[in-house]
>>> print(open('data.txt').read())   # compact mmCIF, C-alpha atoms and all ligand atoms
# COMPACT_ATOMS: atom_id res chain seq x y z
CA MET A 50 106.63 58.13 212.31
CA GLY A 51 105.04 61.47 211.52
CA LEU A 52 104.98 62.81 208.01
CA PHE A 53 106.93 65.87 208.96
CA THR A 54 109.53 64.49 211.29
CA LYS A 55 112.91 63.35 210.16
CA LYS A 56 113.88 60.95 212.92
CA THR A 57 117.64 61.00 212.63
CA PRO A 58 119.36 59.69 215.74
CA HIS A 59 120.99 62.48 217.65
CA THR A 60 124.69 62.19 217.16
CA ALA A 61 127.11 64.57 218.77
CA GLY A 62 127.27 67.69 216.72
CA GLU A 63 127.54 71.39 217.05
CA VAL A 64 125.37 74.20 215.92
CA ASP A 65 126.92 75.90 212.90
CA ARG A 66 126.69 79.52 213.98
CA SER A 67 127.24 80.72 210.42
CA ARG A 68 124.01 79.06 209.25
CA LEU A 69 121.58 79.83 212.03
CA PRO A 70 117.91 80.31 211.37
CA ARG A 71 117.15 84.03 211.67
CA HIS A 72 113.77 83.26 213.18
CA ILE A 73 112.77 80.32 215.40
CA ALA A 74 109.16 79.75 216.47
CA VAL A 75 108.17 77.52 219.39
CA ILE A 76 104.84 76.01 220.43
CA MET A 77 105.50 75.80 224.17
CA ASP A 78 103.43 72.68 224.88
CA GLY A 79 103.31 70.08 227.65
CA ASN A 80 103.19 72.21 230.81
CA GLY A 81 100.07 70.50 232.14
CA ARG A 82 101.34 66.95 231.58
CA TRP A 83 104.68 67.84 233.15
CA ALA A 84 102.88 68.94 236.32
CA LYS A 85 100.48 65.98 236.34
CA LYS A 86 103.40 63.54 236.17
CA ARG A 87 104.66 65.08 239.40
CA GLY A 88 101.30 65.14 241.14
CA LEU A 89 101.23 68.95 240.93
CA PRO A 90 98.46 71.25 239.69
CA ARG A 91 98.72 72.13 235.96
CA THR A 92 99.51 75.70 236.92
CA ALA A 93 102.84 74.54 238.42
CA GLY A 94 103.82 73.47 234.90
CA HIS A 95 103.00 76.91 233.53
CA LYS A 96 105.25 78.50 236.18
CA VAL A 97 108.23 76.36 235.22
CA GLY A 98 107.36 76.85 231.53
CA ALA A 99 107.67 80.63 231.96
CA GLU A 100 111.18 80.17 233.41
CA VAL A 101 112.17 77.94 230.51
CA PHE A 102 110.96 80.60 228.05
CA ARG A 103 113.18 83.15 229.78
CA ASP A 104 116.22 80.87 229.51
CA ILE A 105 115.61 79.84 225.90
CA ALA A 106 115.10 83.48 224.85
CA THR A 107 118.42 84.41 226.49
CA TYR A 108 120.11 81.48 224.76
CA CYS A 109 118.68 82.42 221.33
CA LYS A 110 120.03 85.91 221.83
CA GLU A 111 123.46 84.57 222.84
CA LEU A 112 123.56 82.27 219.80
CA GLY A 113 122.74 85.11 217.42
CA VAL A 114 119.19 84.14 216.42
CA GLU A 115 117.39 87.39 215.56
CA TYR A 116 113.77 86.50 216.32
CA LEU A 117 112.07 84.03 218.65
CA THR A 118 108.29 83.73 218.43
CA VAL A 119 106.54 81.70 221.12
CA TYR A 120 102.96 80.50 221.44
CA ALA A 121 101.86 81.38 224.96
CA PHE A 122 98.04 81.42 224.76
CA SER A 123 95.85 80.57 221.78
CA THR A 124 92.40 81.80 220.78
CA GLU A 125 91.27 78.25 221.65
CA ASN A 126 92.82 78.21 225.14
CA TRP A 127 89.86 80.18 226.57
CA LYS A 128 88.08 76.81 226.67
CA ARG A 129 90.20 75.86 229.70
CA PRO A 130 88.94 76.09 233.30
CA ALA A 131 88.74 79.71 234.50
CA ASP A 132 91.30 79.20 237.28
CA GLU A 133 93.89 77.87 234.81
CA VAL A 134 93.28 80.80 232.44
CA SER A 135 93.60 83.33 235.25
CA THR A 136 96.81 81.70 236.53
CA ILE A 137 98.33 81.89 233.02
CA MET A 138 97.33 85.56 232.74
CA GLY A 139 98.74 86.23 236.22
CA LEU A 140 102.03 84.60 235.28
CA LEU A 141 102.22 86.72 232.14
CA GLU A 142 101.67 89.84 234.21
CA GLN A 143 104.39 88.79 236.63
CA TYR A 144 106.73 87.95 233.75
CA LEU A 145 106.15 91.34 232.11
CA HIS A 146 106.73 93.22 235.36
CA GLU A 147 110.09 91.48 235.70
CA ALA A 148 110.92 91.78 232.01
CA ILE A 149 110.32 95.54 232.04
CA ASP A 150 112.93 95.86 234.79
CA THR A 151 115.54 93.84 232.94
CA MET A 152 114.79 94.49 229.25
CA GLU A 153 117.17 97.36 228.87
CA LYS A 154 119.96 95.45 230.58
CA ASP A 155 119.27 92.22 228.69
CA HIS A 156 118.59 93.94 225.36
CA ILE A 157 115.65 91.69 224.63
CA ARG A 158 112.88 93.42 222.70
CA LEU A 159 109.40 92.07 223.34
CA ARG A 160 106.42 92.23 220.98
CA PHE A 161 102.94 90.74 221.17
CA PHE A 162 101.03 88.95 218.44
CA GLY A 163 97.32 88.54 219.06
CA ASP A 164 94.17 90.38 220.07
CA MET A 165 95.15 92.09 223.29
CA SER A 166 91.95 94.16 223.49
CA VAL A 167 90.10 91.48 225.50
CA LEU A 168 92.88 91.04 228.07
CA SER A 169 92.89 92.73 231.48
CA PRO A 170 93.68 96.47 231.54
CA GLU A 171 96.81 95.62 233.62
CA LEU A 172 98.12 93.21 231.01
CA GLN A 173 97.35 95.64 228.20
CA ALA A 174 99.17 98.43 230.01
CA LEU A 175 102.20 96.21 230.62
CA ALA A 176 102.21 95.16 226.97
CA HIS A 177 102.13 98.81 225.85
CA ARG A 178 104.94 99.63 228.24
CA THR A 179 107.12 96.80 226.88
CA ASP A 180 106.30 97.93 223.33
CA ASP A 181 107.44 101.47 224.19
CA ILE A 182 110.70 100.27 225.72
CA SER A 183 111.31 97.91 222.79
CA ALA A 184 110.96 100.76 220.32
CA HIS A 185 114.07 102.39 221.82
CA TYR A 186 116.63 99.91 220.67
CA ASP A 187 117.21 97.11 218.20
CA GLY A 188 118.73 93.67 218.47
CA PHE A 189 117.19 90.34 219.48
CA GLN A 190 113.39 90.30 219.47
CA ALA A 191 111.03 87.89 221.21
CA ASN A 192 107.42 87.80 220.00
CA ILE A 193 104.86 86.44 222.44
CA CYS A 194 101.67 85.09 220.85
CA LEU A 195 98.92 85.90 223.28
CA ASN A 196 95.24 85.33 222.49
CA TYR A 197 96.66 84.46 219.09
CA GLY A 198 95.22 82.28 216.33
CA GLY A 199 96.57 81.88 212.81
CA ARG A 200 93.10 82.03 211.27
CA ALA A 201 92.12 85.11 213.27
CA GLU A 202 95.36 86.79 212.16
CA LEU A 203 94.64 86.01 208.50
CA LEU A 204 91.11 87.37 208.76
CA ARG A 205 92.37 90.49 210.47
CA ALA A 206 94.97 91.03 207.74
CA ALA A 207 92.32 90.58 205.04
CA GLN A 208 90.03 93.10 206.78
CA ARG A 209 92.89 95.59 207.10
CA CYS A 210 93.72 95.21 203.40
CA ALA A 211 90.06 95.76 202.48
CA GLU A 212 89.76 98.86 204.70
CA ARG A 213 92.88 100.33 203.15
CA GLY A 214 91.82 99.52 199.59
CA LEU A 215 94.93 97.39 199.08
CA ASP A 216 95.26 94.86 196.25
CA TRP A 217 95.12 91.18 197.16
CA THR A 218 98.80 90.38 197.02
CA GLU A 219 101.01 88.22 199.24
CA GLU A 220 103.07 91.31 200.07
CA ASN A 221 100.03 93.28 201.23
CA LEU A 222 98.72 90.41 203.35
CA SER A 223 102.15 89.84 204.92
CA ALA A 224 102.45 93.54 205.67
CA ASN A 225 99.17 93.41 207.60
CA MET A 226 100.01 90.41 209.76
CA TYR A 227 101.27 90.83 213.32
CA SER A 228 104.62 89.66 211.94
CA ALA A 229 104.91 92.49 209.41
CA GLY A 230 108.55 93.17 208.56
CA ILE A 231 109.82 90.00 210.25
CA PRO A 232 111.17 87.12 208.13
CA ASP A 233 109.13 83.90 208.22
CA PRO A 234 110.40 81.36 210.77
CA GLU A 235 112.82 78.94 209.13
CA LEU A 236 112.33 76.54 212.04
CA VAL A 237 109.23 75.73 214.08
CA ILE A 238 109.74 73.59 217.19
CA ARG A 239 106.94 71.80 219.02
CA PRO A 240 107.90 70.01 222.22
CA GLY A 241 105.28 67.96 224.06
CA GLY A 242 104.82 65.11 221.60
CA GLU A 243 101.90 66.42 219.51
CA MET A 244 102.41 66.69 215.76
CA ARG A 245 100.16 69.56 214.82
CA LEU A 246 100.30 73.33 214.48
CA SER A 247 97.22 74.09 216.64
CA ASN A 248 96.46 77.28 214.68
CA PHE A 249 99.99 78.71 215.02
CA LEU A 250 101.45 81.05 212.36
CA LEU A 251 99.53 79.42 209.51
CA TRP A 252 100.59 82.02 206.93
CA GLN A 253 104.20 82.36 208.06
CA CYS A 254 104.89 78.59 208.34
CA ALA A 255 104.24 77.88 204.65
CA TYR A 256 107.86 76.80 204.13
CA SER A 257 109.16 76.37 207.66
CA GLU A 258 111.06 73.28 208.73
CA LEU A 259 109.04 71.52 211.43
CA TYR A 260 110.71 69.85 214.40
CA PHE A 261 108.72 67.81 216.91
CA CYS A 262 110.07 66.26 220.09
CA ASP A 263 108.56 64.39 223.03
CA THR A 264 110.25 66.49 225.72
CA LEU A 265 107.65 68.45 227.65
CA TRP A 266 108.22 72.21 227.54
CA PRO A 267 109.21 72.59 231.25
CA ASP A 268 111.99 70.01 230.59
CA PHE A 269 113.17 71.73 227.40
CA THR A 270 116.83 72.77 227.59
CA ARG A 271 119.45 74.68 225.65
CA GLN A 272 120.83 71.29 224.50
CA GLU A 273 117.40 70.42 223.14
CA LEU A 274 117.38 73.68 221.18
CA ASP A 275 120.85 72.85 219.81
CA LYS A 276 119.51 69.46 218.73
CA ALA A 277 116.61 71.08 216.86
CA ILE A 278 118.92 73.58 215.13
CA ILE A 279 121.41 70.83 214.17
CA ASP A 280 118.53 68.79 212.73
CA TYR A 281 117.38 71.87 210.79
CA GLN A 282 120.90 72.47 209.49
CA ARG A 283 120.98 68.92 208.06
CA ARG A 284 117.85 69.40 206.01
CA ASP A 285 117.68 70.02 202.31
CA ARG A 286 115.47 73.07 201.74
CA ARG A 287 114.33 73.04 198.12
CA PHE A 288 111.34 75.40 198.15
CA GLY A 289 109.77 73.43 195.33
CA GLY A 290 112.83 73.58 193.11
CA VAL A 291 115.49 70.96 192.37
CA LYS A 292 119.06 70.83 193.55
C1 LIG B 1 101.08 74.68 226.92
O1 LIG B 1 101.01 73.62 227.81
C2 LIG B 1 100.72 76.00 227.53
C3 LIG B 1 99.42 76.54 227.09
C4 LIG B 1 98.65 76.03 226.15
C5 LIG B 1 98.97 77.75 227.74
P1 LIG B 1 99.63 72.88 228.06
O2 LIG B 1 98.91 73.57 229.14
O3 LIG B 1 98.86 72.72 226.78
O4 LIG B 1 100.13 71.46 228.56
P2 LIG B 1 99.54 70.05 228.16
O5 LIG B 1 99.62 69.96 226.66
O6 LIG B 1 98.14 69.99 228.65
O7 LIG B 1 100.45 69.08 228.82
C1 LIG B 2 98.95 75.09 221.64
O1 LIG B 2 98.90 74.13 222.64
C2 LIG B 2 98.85 76.46 222.23
C3 LIG B 2 99.97 76.89 223.05
C4 LIG B 2 101.06 76.22 223.28
C5 LIG B 2 99.83 78.20 223.63
P1 LIG B 2 97.53 73.44 223.07
O2 LIG B 2 97.85 72.49 224.13
O3 LIG B 2 96.50 74.45 223.33
O4 LIG B 2 97.15 72.69 221.70
P2 LIG B 2 96.28 71.39 221.45
O5 LIG B 2 95.02 71.53 222.26
O6 LIG B 2 97.09 70.23 221.88
O7 LIG B 2 96.04 71.40 219.98
MG MG B 3 98.87 71.32 225.33
>>> encode(input="data.txt", output="structure tokens")
Amino acid sequence: MGLFTKKTPHTAGEVDRSRLPRHIAVIMDGNGRWAKKRGLPRTAGHKVGAEVFRDIATYCKELGVEYLTVYAFSTENWKRPADEVSTIMGLLEQYLHEAIDTMEKDHIRLRFFGDMSVLSPELQALAHRTDDISAHYDGFQANICLNYGGRAELLRAAQRCAERGLDWTEENLSANMYSAGIPDPELVIRPGGEMRLSNFLLWQCAYSELYFCDTLWPDFTRQELDKAIIDYQRRDRRFGGVK
């Protein structure tokens, strides 16, 4: 059993909507294995994974979660074969095209965490466009981590603090992260069976509750999210103190 996992058997239960995490973060892992199991190319898993993201974001909004941050492409994922990387980027483009059309109707704000400057001009333009639309209203916000790494984000924040002559305080570093102004995730979910953070939100996860499950991301459902939230709601969060 992993150090961080509390393996309580899942008993029937309901999410307590009065004690929801404000911010849930998800490492969307297992797309490739999901496809391989079916004799499909890895890219087929990414396609289904994108649909699952859409559904889980809608569900988070319906539940009343304020922020959902998902890991879509890490600074390490460039090591993958070029055709897989370009398919992932193509899917993101397609997703953003569709999202732009429905954002105002769905009231889902989209933000990006990561270094977008090396992405294609099309993707950058779409990201700017979604940022502009998002600025027009408030409500549920989904953050997509794209070419994101926790260490790169920390270095960037440190450089920004230095350039601005800011003191080295936790507040100043937090204010210079991509997540500035957003509460830290209370709950981090990693489907796909691996028990590691893979360079995700290293600063923001300092006191997050971690939930790991074997379900591969393309098989992840609303019920699975309920299960993770119920597990989170059973935990005793002490933050170093005593109760
Ligand atoms: C996560 O699924 C998506 C990305 C990292 C882009 P993977 O592609 O890592 O799937 P597995 O872990 O190989 O099954
Ligand atoms: C983490 O998954 C990154 C994303 C989900 C985008 P990986 O599949 O890249 O992580 P490792 O290689 O198992 O650590
Ligand atoms: Mg993986």
>>> closest_residue(input="data.txt", among="A:Ser223, A:Thr270, A:Ser123, A:Gln143", to="ligand MG 3 (chain B)", atoms="only C-alpha atoms and all ligand atoms")
A:Ser123
>>> closest_atom_pairs(input="data.txt", of="segment 149-221 of chain A", to="segment 231-240 of chain A", cutoff="12 Å", atoms="only C-alpha atoms", output="Markdown table")
| residue | atom | partner | partner_atom | distance |
| --- | --- | --- | --- | --- |
| A:Arg160 | CA | A:Ile231 | CA | 11.5 |
| A:Phe189 | CA | A:Ile231 | CA | 11.8 |
| A:Gln190 | CA | A:Ile231 | CA | 9.9 |
| A:Ala191 | CA | A:Ile231 | CA | 11.2 |
| A:Asn192 | CA | A:Ile231 | CA | 10.3 |
>>> residues_near_ligand(input="data.txt", ligand="ligand MG 3 (chain B)", cutoff="7 Å", atoms="all atoms listed in the file", output="ChimeraX atom specification")
/A:78-79,81
>>> residues_near_ligand(input="data.txt", ligand="ligand LIG 1 (chain B)", cutoff="10 Å", atoms="all atoms listed in the file", output="compact mmCIF listing (two decimals) with C-alpha atoms, in the coordinates of the input")
# COMPACT_ATOMS: atom_id res chain seq x y z
CA ILE A 76 104.84 76.01 220.43
CA MET A 77 105.50 75.80 224.17
CA ASP A 78 103.43 72.68 224.88
CA GLY A 79 103.31 70.08 227.65
CA ASN A 80 103.19 72.21 230.81
CA GLY A 81 100.07 70.50 232.14
CA ARG A 82 101.34 66.95 231.58
CA TRP A 83 104.68 67.84 233.15
CA ALA A 84 102.88 68.94 236.32
CA LYS A 85 100.48 65.98 236.34
CA LYS A 86 103.40 63.54 236.17
CA ARG A 91 98.72 72.13 235.96
CA THR A 92 99.51 75.70 236.92
CA GLY A 94 103.82 73.47 234.90
CA HIS A 95 103.00 76.91 233.53
CA GLY A 98 107.36 76.85 231.53
CA ALA A 99 107.67 80.63 231.96
CA TYR A 120 102.96 80.50 221.44
CA ALA A 121 101.86 81.38 224.96
CA PHE A 122 98.04 81.42 224.76
CA SER A 123 95.85 80.57 221.78
CA GLU A 125 91.27 78.25 221.65
CA ASN A 126 92.82 78.21 225.14
CA TRP A 127 89.86 80.18 226.57
CA ARG A 129 90.20 75.86 229.70
CA GLU A 133 93.89 77.87 234.81
CA VAL A 134 93.28 80.80 232.44
CA THR A 136 96.81 81.70 236.53
CA ILE A 137 98.33 81.89 233.02
CA MET A 138 97.33 85.56 232.74
CA LEU A 195 98.92 85.90 223.28
CA ASN A 196 95.24 85.33 222.49
CA PRO A 240 107.90 70.01 222.22
CA GLY A 241 105.28 67.96 224.06
CA GLY A 242 104.82 65.11 221.60
CA GLU A 243 101.90 66.42 219.51
CA SER A 247 97.22 74.09 216.64
CA LEU A 265 107.65 68.45 227.65
CA TRP A 266 108.22 72.21 227.54
CA PRO A 267 109.21 72.59 231.25
>>> closest_residue(input="data.txt", among="A:Leu140, A:Ala148, A:Val75, A:Leu203", to="ligand LIG 2 (chain B)", atoms="all atoms listed in the file")
A:Val75
>>> closest_residue(input="data.txt", among="A:Leu141, A:Ala201, A:Val64, A:Leu89", to="Gly113 of chain A", atoms="all atoms listed in the file")
A:Val64
>>> decode(input="data.txt", residues="segment 73-85 of chain A", atoms="all heavy atoms", output="PDB file, in the first residue's frame")
ATOM      1  N   ILE A  73     -10.039  21.228  -7.086  1.00  0.00           N
ATOM      2  CA  ILE A  73      -9.602  19.846  -7.321  1.00  0.00           C
ATOM      3  C   ILE A  73      -8.583  19.858  -8.458  1.00  0.00           C
ATOM      4  O   ILE A  73      -8.778  20.553  -9.468  1.00  0.00           O
ATOM      5  CB  ILE A  73     -10.799  18.941  -7.696  1.00  0.00           C
ATOM      6  CG1 ILE A  73     -11.793  18.846  -6.523  1.00  0.00           C
ATOM      7  CG2 ILE A  73     -10.321  17.538  -8.094  1.00  0.00           C
ATOM      8  CD1 ILE A  73     -13.034  18.005  -6.818  1.00  0.00           C
ATOM      9  N   ALA A  74      -7.492  19.119  -8.282  1.00  0.00           N
ATOM     10  CA  ALA A  74      -6.491  19.014  -9.351  1.00  0.00           C
ATOM     11  C   ALA A  74      -6.402  17.558  -9.780  1.00  0.00           C
ATOM     12  O   ALA A  74      -6.503  16.653  -8.950  1.00  0.00           O
ATOM     13  CB  ALA A  74      -5.139  19.527  -8.863  1.00  0.00           C
ATOM     14  N   VAL A  75      -6.234  17.344 -11.081  1.00  0.00           N
ATOM     15  CA  VAL A  75      -6.222  15.972 -11.614  1.00  0.00           C
ATOM     16  C   VAL A  75      -5.035  15.756 -12.565  1.00  0.00           C
ATOM     17  O   VAL A  75      -4.824  16.549 -13.494  1.00  0.00           O
ATOM     18  CB  VAL A  75      -7.529  15.648 -12.380  1.00  0.00           C
ATOM     19  CG1 VAL A  75      -7.504  14.214 -12.889  1.00  0.00           C
ATOM     20  CG2 VAL A  75      -8.758  15.859 -11.502  1.00  0.00           C
ATOM     21  N   ILE A  76      -4.294  14.698 -12.305  1.00  0.00           N
ATOM     22  CA  ILE A  76      -3.239  14.257 -13.233  1.00  0.00           C
ATOM     23  C   ILE A  76      -3.916  13.242 -14.155  1.00  0.00           C
ATOM     24  O   ILE A  76      -4.198  12.108 -13.742  1.00  0.00           O
ATOM     25  CB  ILE A  76      -2.062  13.624 -12.458  1.00  0.00           C
ATOM     26  CG1 ILE A  76      -1.459  14.651 -11.483  1.00  0.00           C
ATOM     27  CG2 ILE A  76      -1.003  13.080 -13.438  1.00  0.00           C
ATOM     28  CD1 ILE A  76      -0.397  14.087 -10.535  1.00  0.00           C
ATOM     29  N   MET A  77      -4.236  13.663 -15.364  1.00  0.00           N
ATOM     30  CA  MET A  77      -5.040  12.818 -16.267  1.00  0.00           C
ATOM     31  C   MET A  77      -4.137  11.759 -16.903  1.00  0.00           C
ATOM     32  O   MET A  77      -3.660  11.932 -18.021  1.00  0.00           O
ATOM     33  CB  MET A  77      -5.682  13.686 -17.348  1.00  0.00           C
ATOM     34  CG  MET A  77      -6.523  14.838 -16.784  1.00  0.00           C
ATOM     35  SD  MET A  77      -7.457  15.704 -18.059  1.00  0.00           S
ATOM     36  CE  MET A  77      -6.186  16.517 -19.005  1.00  0.00           C
ATOM     37  N   ASP A  78      -3.918  10.654 -16.200  1.00  0.00           N
ATOM     38  CA  ASP A  78      -2.928   9.677 -16.670  1.00  0.00           C
ATOM     39  C   ASP A  78      -3.572   8.346 -17.058  1.00  0.00           C
ATOM     40  O   ASP A  78      -4.586   7.946 -16.494  1.00  0.00           O
ATOM     41  CB  ASP A  78      -1.885   9.450 -15.565  1.00  0.00           C
ATOM     42  CG  ASP A  78      -0.669   8.717 -16.080  1.00  0.00           C
ATOM     43  OD1 ASP A  78      -0.338   8.865 -17.275  1.00  0.00           O
ATOM     44  OD2 ASP A  78      -0.034   7.993 -15.285  1.00  0.00           O
ATOM     45  N   GLY A  79      -2.950   7.667 -18.017  1.00  0.00           N
ATOM     46  CA  GLY A  79      -3.379   6.311 -18.387  1.00  0.00           C
ATOM     47  C   GLY A  79      -4.001   6.214 -19.766  1.00  0.00           C
ATOM     48  O   GLY A  79      -4.479   5.149 -20.153  1.00  0.00           O
ATOM     49  N   ASN A  80      -3.953   7.309 -20.535  1.00  0.00           N
ATOM     50  CA  ASN A  80      -4.562   7.288 -21.875  1.00  0.00           C
ATOM     51  C   ASN A  80      -3.909   6.243 -22.784  1.00  0.00           C
ATOM     52  O   ASN A  80      -4.595   5.513 -23.509  1.00  0.00           O
ATOM     53  CB  ASN A  80      -4.394   8.657 -22.558  1.00  0.00           C
ATOM     54  CG  ASN A  80      -5.166   9.751 -21.863  1.00  0.00           C
ATOM     55  OD1 ASN A  80      -5.963   9.485 -20.979  1.00  0.00           O
ATOM     56  ND2 ASN A  80      -4.925  10.996 -22.248  1.00  0.00           N
ATOM     57  N   GLY A  81      -2.585   6.199 -22.738  1.00  0.00           N
ATOM     58  CA  GLY A  81      -1.845   5.291 -23.624  1.00  0.00           C
ATOM     59  C   GLY A  81      -2.154   3.840 -23.302  1.00  0.00           C
ATOM     60  O   GLY A  81      -2.407   3.033 -24.213  1.00  0.00           O
ATOM     61  N   ARG A  82      -2.125   3.489 -22.003  1.00  0.00           N
ATOM     62  CA  ARG A  82      -2.394   2.102 -21.611  1.00  0.00           C
ATOM     63  C   ARG A  82      -3.834   1.707 -21.936  1.00  0.00           C
ATOM     64  O   ARG A  82      -4.121   0.582 -22.312  1.00  0.00           O
ATOM     65  CB  ARG A  82      -2.095   1.919 -20.110  1.00  0.00           C
ATOM     66  CG  ARG A  82      -0.608   1.732 -19.832  1.00  0.00           C
ATOM     67  CD  ARG A  82      -0.294   1.940 -18.384  1.00  0.00           C
ATOM     68  NE  ARG A  82      -0.339   3.353 -18.027  1.00  0.00           N
ATOM     69  CZ  ARG A  82      -0.483   3.802 -16.795  1.00  0.00           C
ATOM     70  NH1 ARG A  82      -0.634   2.953 -15.806  1.00  0.00           N
ATOM     71  NH2 ARG A  82      -0.487   5.098 -16.547  1.00  0.00           N
ATOM     72  N   TRP A  83      -4.737   2.640 -21.787  1.00  0.00           N
ATOM     73  CA  TRP A  83      -6.145   2.372 -22.113  1.00  0.00           C
ATOM     74  C   TRP A  83      -6.271   1.956 -23.584  1.00  0.00           C
ATOM     75  O   TRP A  83      -6.962   0.984 -23.916  1.00  0.00           O
ATOM     76  CB  TRP A  83      -6.972   3.638 -21.845  1.00  0.00           C
ATOM     77  CG  TRP A  83      -8.432   3.502 -22.107  1.00  0.00           C
ATOM     78  CD1 TRP A  83      -9.396   3.151 -21.215  1.00  0.00           C
ATOM     79  CD2 TRP A  83      -9.105   3.730 -23.363  1.00  0.00           C
ATOM     80  NE1 TRP A  83     -10.627   3.139 -21.824  1.00  0.00           N
ATOM     81  CE2 TRP A  83     -10.479   3.489 -23.137  1.00  0.00           C
ATOM     82  CE3 TRP A  83      -8.686   4.120 -24.639  1.00  0.00           C
ATOM     83  CZ2 TRP A  83     -11.434   3.628 -24.148  1.00  0.00           C
ATOM     84  CZ3 TRP A  83      -9.637   4.241 -25.649  1.00  0.00           C
ATOM     85  CH2 TRP A  83     -11.003   3.990 -25.386  1.00  0.00           C
ATOM     86  N   ALA A  84      -5.570   2.689 -24.453  1.00  0.00           N
ATOM     87  CA  ALA A  84      -5.627   2.392 -25.886  1.00  0.00           C
ATOM     88  C   ALA A  84      -4.943   1.060 -26.191  1.00  0.00           C
ATOM     89  O   ALA A  84      -5.472   0.232 -26.946  1.00  0.00           O
ATOM     90  CB  ALA A  84      -4.969   3.531 -26.672  1.00  0.00           C
ATOM     91  N   LYS A  85      -3.784   0.856 -25.584  1.00  0.00           N
ATOM     92  CA  LYS A  85      -3.000  -0.365 -25.847  1.00  0.00           C
ATOM     93  C   LYS A  85      -3.819  -1.611 -25.501  1.00  0.00           C
ATOM     94  O   LYS A  85      -3.828  -2.594 -26.245  1.00  0.00           O
ATOM     95  CB  LYS A  85      -1.708  -0.318 -25.029  1.00  0.00           C
ATOM     96  CG  LYS A  85      -0.645  -1.206 -25.598  1.00  0.00           C
ATOM     97  CD  LYS A  85       0.693  -1.081 -24.891  1.00  0.00           C
ATOM     98  CE  LYS A  85       1.548  -2.288 -25.258  1.00  0.00           C
ATOM     99  NZ  LYS A  85       2.511  -2.620 -24.228  1.00  0.00           N
TER     100      LYS A  85
END
